[in-house]
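Below is one structure, written out as structure tokens; the observations come after it.
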Amino acid sequence: MARRSSKPAVPMAGVAVALAVITIVPTRFSGWLGWFRDPVETVLAPISGPVAAIADRLRGEVSRAAVSAERDREALAGELERLQQQHAAALVRNAELEALVQDLQQGVPFRPDALAASLVAVRVGGTPPATIVVNRGARDGVRAGGTVAVARGSQQLVGIVSRASTRASTVRVLTDASFDEASVGAVVVGEEGVTSASIAGMVRLELLPTGDGRLAQDDVPEGDASRIEIGQLVRLDDERWPTAAQMFVLGRVTDVRELADEPLHRQVLVRPLGGDLSRTRSVILHVSVAGFEEGEGDPGGRGGDGS
Amino acid sequence: MNWLAFVLALWIVGGVDWGLRASLELQESGVAPSLIVVYVTFVCLYVEARWAWLVGVIGGLVIDLLRDVGTGSDETVVVVGPAAIGGLLAASFVVNVRGLVYRKNVATIAVLSTVSGVLVHLTAAFALFLRSVYDVVEAPAGQLPVALGSALYTGVAGVVLGVVLLAFRRMFGFAADTQTGFRME
């Protein structure tokens with residue numbers, strides 16, 4: 001006589017059918033299941049965060065041991081980039097403050113300054129080339145729309161946080177073709193860098209993702225295009241982005257092309273530093289904290305450099 | 001089986017999987033191992049058959065909940081179900097073949113993890129492709145090679161994680177550890 005099977009066929013079949021149903025049900029009906037993601041991330045974060053940080057550090061150590069001289073050069077270049085970004089942002093800020101003084105003198109309501117905190121975050125997932133998921137979340141002061149990610153070791157802007165759960169956040173990558181922002185305002189920085197004298201005369205661009213990891217503007221007037229040289233840095237200068245993101249690097253000009261059907265315009269192509277932004281392993285999150293004064297939380301106590 | 005030990009180990013393995021995924025990715029190809037699949041395979045080798053399916057579903061649900069799926073816009077969604085179904089299939093497969101293999105060998109865990117990985121990843125890839133036909137979900141191009149590559153890589157990871165899991169096997173209190181049976185020695 002055959003032994004009675006201990007497999008619970010009925011519950012298993014029921015679960016299988018239920019899983020099949022929620023798998024095929026469209027997102028508008030099953031989207032609520034995504035709510036469970038936050039608790040799972042929160043539970044796993046105490047393990048994944050340190051593991052990701054250690055792995056990232058080990059990778060850095062291995063690279064440093066292999067090419068220490070190259071790393072030193074890159075570190076110095078990164079430091080120079082950081083100082084240039086801060087200098088450029090300070091000049092832009094100065095110009096904004098001058099305008100603000102004029103506005104105040106004319107009775108325009110005062111808008112509080114946005115400050116920024118910086119957090120080191122490590123990539124723990126994502127959907128290349130659209131997003132990366134990093135191991136910092138709302139608990140660390142990160143909030144959607146107000147936090148930007150910059151590649152660690154350079155001033156390359158990676159993207160903006162589009163979702164912040166408790167212990168993780170999703171960064172929308174700047175070069176993703178489905179990026180919902182209309183365009184990204186930028187300035188082309190010449191050899192002299194950003195100075196008080198040059199800031200007003202810099203060529204402005206409105207860049208859009210091309211879908212192949214680059215940014216481009218297709219209708220740059222010929223006169224402006226003639227002032228752009230291959231290899232020049234392009235920096236963010238767009239009021240629609242958080243203040244903390246201004247003057248971060250968007251990339252370098254890789255090509256200025258003539259357009260067959262528009263002789264008075266040129267196409268300018270910009271490639272981010274370091275290649276595919278969606279593969280960036282660790283980033284610095286720059287958190288704008290102006291909104292937190294209105295009761296959203298206090299990132300000040302936890303918002304320091306998390307390295 | 002000691003379910004507390006199972007949950008505790010799943011927490012650790014899931015956290016390590018999530019934390020190391022980016023670092024273990026092969027040449028920015030999207031090919032990465034799934035330690036959760038290795039863990040599910042290991043547990044299914046020993047757990048009573050009536051619970052194996054549940055282990056597979058739980059492991060698959062964790063994989064589903066940690067995965068962002070693109071929608072072609074600036075939104076990503078969580079699609080629950082594809083990897084859970086794959087986990088269910090993988091658990092059923094392991095339960096059906098475990099009587100034919102030497103369970104305490106790391107190579108067994110590696111090979112079965114590879115097959116389980118194929119089942120989980122291919123099922124998920126197929127489900128997302130199917131869903132992309134009528135839903136906002138976007139099935140990225142080249143899913144098949146990435147799924148197969150990830151399955152092979154999962155087998156390689158199974159060698160390392162298998163050693164650790166076998167060393168801590170007693171903690172799980174598997175009934176199989178207290179029984180004698182057929183051994184291929």
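Labels for the structure tokens follow display order: chains A, B, ..., residues from 1 in each chain, ligands from 1.
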
DSSP-assigned strand (DSSP E) among segment 41-182 of chain B, expressed as a PDB file with N, CA and C atoms, in the first residue's frame:
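After the write, out-v1.pdb holds the following:
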ATOM      1  N   VAL B  69      11.113  47.311 -11.164  1.00  0.00           N
ATOM      2  CA  VAL B  69      10.788  47.025 -12.561  1.00  0.00           C
ATOM      3  C   VAL B  69      10.430  48.347 -13.240  1.00  0.00           C
ATOM      4  N   GLY B  70      11.094  48.626 -14.345  1.00  0.00           N
ATOM      5  CA  GLY B  70      10.862  49.878 -15.059  1.00  0.00           C
ATOM      6  C   GLY B  70       9.499  49.901 -15.731  1.00  0.00           C
ATOM      7  N   THR B  76       9.026  53.460 -11.244  1.00  0.00           N
ATOM      8  CA  THR B  76       9.307  52.035 -11.208  1.00  0.00           C
ATOM      9  C   THR B  76       8.254  51.374 -10.322  1.00  0.00           C
ATOM     10  N   VAL B  77       8.003  50.114 -10.578  1.00  0.00           N
ATOM     11  CA  VAL B  77       6.986  49.417  -9.786  1.00  0.00           C
ATOM     12  C   VAL B  77       7.572  48.126  -9.229  1.00  0.00           C
TER      13      VAL B  77
END

For this session: Pick out the residues sitting within 6 Å of segment 53-66 of chain B, and hand them over as a count of residues only; count only C-alpha atoms, and ignore anything fewer than 4 positions along from it in its own chain.
Result: 8

Problem set entry | Selected residue of minimal separation from Gly99 of chain B among B:Leu152, B:Leu144, B:Val136, B:Cys44, counting only C-alpha atoms |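 Using only C-alpha atoms, the shortest distance to Gly99 of chain B belongs to B:Cys44.
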
Select all residues from chain A having any atom no more than 8 Å from an atom of chain B (counting only C-alpha atoms, ignoring ligands), output as a tab-separated table (two decimals) with N, CA and C atoms, in the first residue's frame.
chain	number	residue	atom	x	y	z
A	6	SER	N	2.87	13.50	2.20
A	6	SER	CA	2.82	14.58	3.19
A	6	SER	C	2.79	15.95	2.52
A	7	LYS	N	2.72	15.98	1.18
A	7	LYS	CA	2.70	17.27	0.47
A	7	LYS	C	1.33	17.90	0.59
A	8	PRO	N	1.26	19.12	1.03
A	8	PRO	CA	-0.04	19.79	1.15
A	8	PRO	C	-0.46	20.32	-0.20
A	12	MET	N	-0.82	24.47	-1.47
A	12	MET	CA	0.20	24.84	-2.46
A	12	MET	C	-0.45	25.26	-3.77
A	16	ALA	N	-0.25	28.86	-5.49
A	16	ALA	CA	0.24	28.96	-6.87
A	16	ALA	C	-0.74	29.74	-7.74
A	19	LEU	N	-0.62	33.41	-6.74
A	19	LEU	CA	0.58	34.06	-7.28
A	19	LEU	C	0.44	34.31	-8.78
A	20	ALA	N	-0.12	33.31	-9.48
A	20	ALA	CA	-0.32	33.48	-10.92
A	20	ALA	C	-1.24	34.66	-11.20
A	22	ILE	N	-1.85	37.38	-9.22
A	22	ILE	CA	-1.25	38.70	-8.93
A	22	ILE	C	-0.08	38.99	-9.88
A	23	THR	N	0.45	37.93	-10.49
A	23	THR	CA	1.52	38.17	-11.47
A	23	THR	C	0.98	38.77	-12.75
A	24	ILE	N	-0.20	38.31	-13.16
A	24	ILE	CA	-0.73	38.78	-14.45
A	24	ILE	C	-1.66	39.98	-14.31
A	26	PRO	N	-2.79	43.64	-13.97
A	26	PRO	CA	-2.10	44.89	-14.29
A	26	PRO	C	-1.73	45.70	-13.05
A	27	THR	N	-0.74	46.55	-13.23
A	27	THR	CA	-0.19	47.32	-12.12
A	27	THR	C	-1.24	48.17	-11.41
A	30	SER	N	-2.63	45.84	-8.92
A	30	SER	CA	-1.72	45.13	-8.00
A	30	SER	C	-0.63	46.04	-7.44
A	31	GLY	N	-0.68	47.32	-7.80
A	31	GLY	CA	0.36	48.25	-7.36
A	31	GLY	C	0.48	48.36	-5.85
A	33	LEU	N	0.62	46.16	-3.75
A	33	LEU	CA	1.53	45.16	-3.18
A	33	LEU	C	2.94	45.73	-2.98
A	34	GLY	N	3.24	46.79	-3.72
A	34	GLY	CA	4.54	47.44	-3.56
A	34	GLY	C	4.74	48.02	-2.18
A	36	PHE	N	4.60	46.54	0.50
A	36	PHE	CA	5.34	45.59	1.34
A	36	PHE	C	6.85	45.72	1.14
A	37	ARG	N	7.24	46.43	0.10
A	37	ARG	CA	8.66	46.57	-0.16
A	37	ARG	C	9.36	47.35	0.95
A	40	VAL	N	10.20	45.28	3.99
A	40	VAL	CA	11.27	44.31	3.69
A	40	VAL	C	12.61	45.02	3.63
A	41	GLU	N	12.65	46.17	2.96
A	41	GLU	CA	13.90	46.93	2.89
A	41	GLU	C	14.36	47.36	4.28
A	43	VAL	N	13.75	45.93	7.11
A	43	VAL	CA	14.25	44.78	7.88
A	43	VAL	C	15.64	44.37	7.41
A	44	LEU	N	15.87	44.41	6.10
A	44	LEU	CA	17.15	43.93	5.55
A	44	LEU	C	18.26	44.97	5.64
A	45	ALA	N	17.90	46.24	5.78
A	45	ALA	CA	18.89	47.31	5.73
A	45	ALA	C	20.01	47.17	6.77
A	46	PRO	N	19.73	46.76	8.00
A	46	PRO	CA	20.84	46.64	8.97
A	46	PRO	C	21.92	45.65	8.53
A	47	ILE	N	21.56	44.70	7.66
A	47	ILE	CA	22.56	43.77	7.13
A	47	ILE	C	23.15	44.31	5.83
A	48	SER	N	22.26	44.73	4.93
A	48	SER	CA	22.72	45.11	3.58
A	48	SER	C	23.58	46.37	3.59
A	49	GLY	N	23.23	47.32	4.45
A	49	GLY	CA	23.99	48.59	4.48
A	49	GLY	C	25.46	48.37	4.80
A	50	PRO	N	25.77	47.76	5.96
A	50	PRO	CA	27.19	47.53	6.27
A	50	PRO	C	27.88	46.63	5.25
A	51	VAL	N	27.17	45.61	4.76
A	51	VAL	CA	27.78	44.70	3.77
A	51	VAL	C	28.14	45.47	2.50
A	52	ALA	N	27.21	46.30	2.03
A	52	ALA	CA	27.47	47.09	0.81
A	52	ALA	C	28.62	48.07	1.03
A	55	ALA	N	31.90	46.08	1.10
A	55	ALA	CA	32.24	45.63	-0.26
A	55	ALA	C	32.75	46.80	-1.10
A	56	ASP	N	32.09	47.94	-0.96
A	56	ASP	CA	32.51	49.12	-1.72
A	56	ASP	C	33.90	49.55	-1.30
A	123	ARG	N	25.22	51.79	-3.89
A	123	ARG	CA	24.17	51.21	-4.73
A	123	ARG	C	23.89	49.77	-4.30
A	124	VAL	N	22.64	49.48	-4.11
A	124	VAL	CA	22.25	48.11	-3.74
A	124	VAL	C	21.28	47.50	-4.75
A	125	GLY	N	20.97	48.22	-5.80
A	125	GLY	CA	20.08	47.66	-6.80
A	125	GLY	C	19.70	48.71	-7.82
A	126	GLY	N	18.59	48.46	-8.51
A	126	GLY	CA	18.13	49.42	-9.50
A	126	GLY	C	17.77	48.75	-10.80
A	127	THR	N	17.30	49.54	-11.73
A	127	THR	CA	16.93	49.05	-13.06
A	127	THR	C	17.69	49.85	-14.11
A	130	ALA	N	17.72	53.14	-16.02
A	130	ALA	CA	16.78	54.16	-15.54
A	130	ALA	C	17.05	54.58	-14.09
A	172	ARG	N	16.64	58.52	-9.77
A	172	ARG	CA	16.32	58.55	-11.20
A	172	ARG	C	17.56	59.07	-11.93
A	178	SER	N	13.64	58.11	-20.34
A	178	SER	CA	12.27	58.28	-19.87
A	178	SER	C	12.17	59.31	-18.76
A	179	PHE	N	13.29	59.99	-18.49
A	179	PHE	CA	13.29	61.00	-17.45
A	179	PHE	C	12.19	62.02	-17.72
A	180	ASP	N	11.35	62.21	-16.74
A	180	ASP	CA	10.12	62.97	-16.97
A	180	ASP	C	10.32	64.48	-16.97
A	279	ARG	N	25.46	52.67	-13.47
A	279	ARG	CA	26.35	51.67	-12.88
A	279	ARG	C	27.24	52.26	-11.79
A	281	ARG	N	28.70	52.95	-8.48
A	281	ARG	CA	28.64	52.05	-7.33
A	281	ARG	C	28.33	52.78	-6.03

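Using only C-alpha atoms, the contacts of Gly159 of chain A at a cut-off of 6 Å, with sequence neighbours closer than 6 positions omitted, comprise Val148, Ala149, Val171, Arg172, Val173 and Leu174 of chain A.
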
Would you write out those residues with C-alpha atoms, as a PDB file, in the first residue's frame?
ATOM      1  CA  VAL A 148      20.368  64.742  -5.642  1.00  0.00           C
ATOM      2  CA  ALA A 149      23.010  62.062  -6.104  1.00  0.00           C
ATOM      3  CA  VAL A 171      17.672  57.668  -7.770  1.00  0.00           C
ATOM      4  CA  ARG A 172      16.322  58.549 -11.199  1.00  0.00           C
ATOM      5  CA  VAL A 173      19.369  58.616 -13.450  1.00  0.00           C
ATOM      6  CA  LEU A 174      19.934  61.837 -15.322  1.00  0.00           C
TER       7      LEU A 174
END

Problem set entry | Atomic separation - atom CA of Ala90 of chain B relative to atom CA of Arg170 of chain B, Å | 23.0 Å
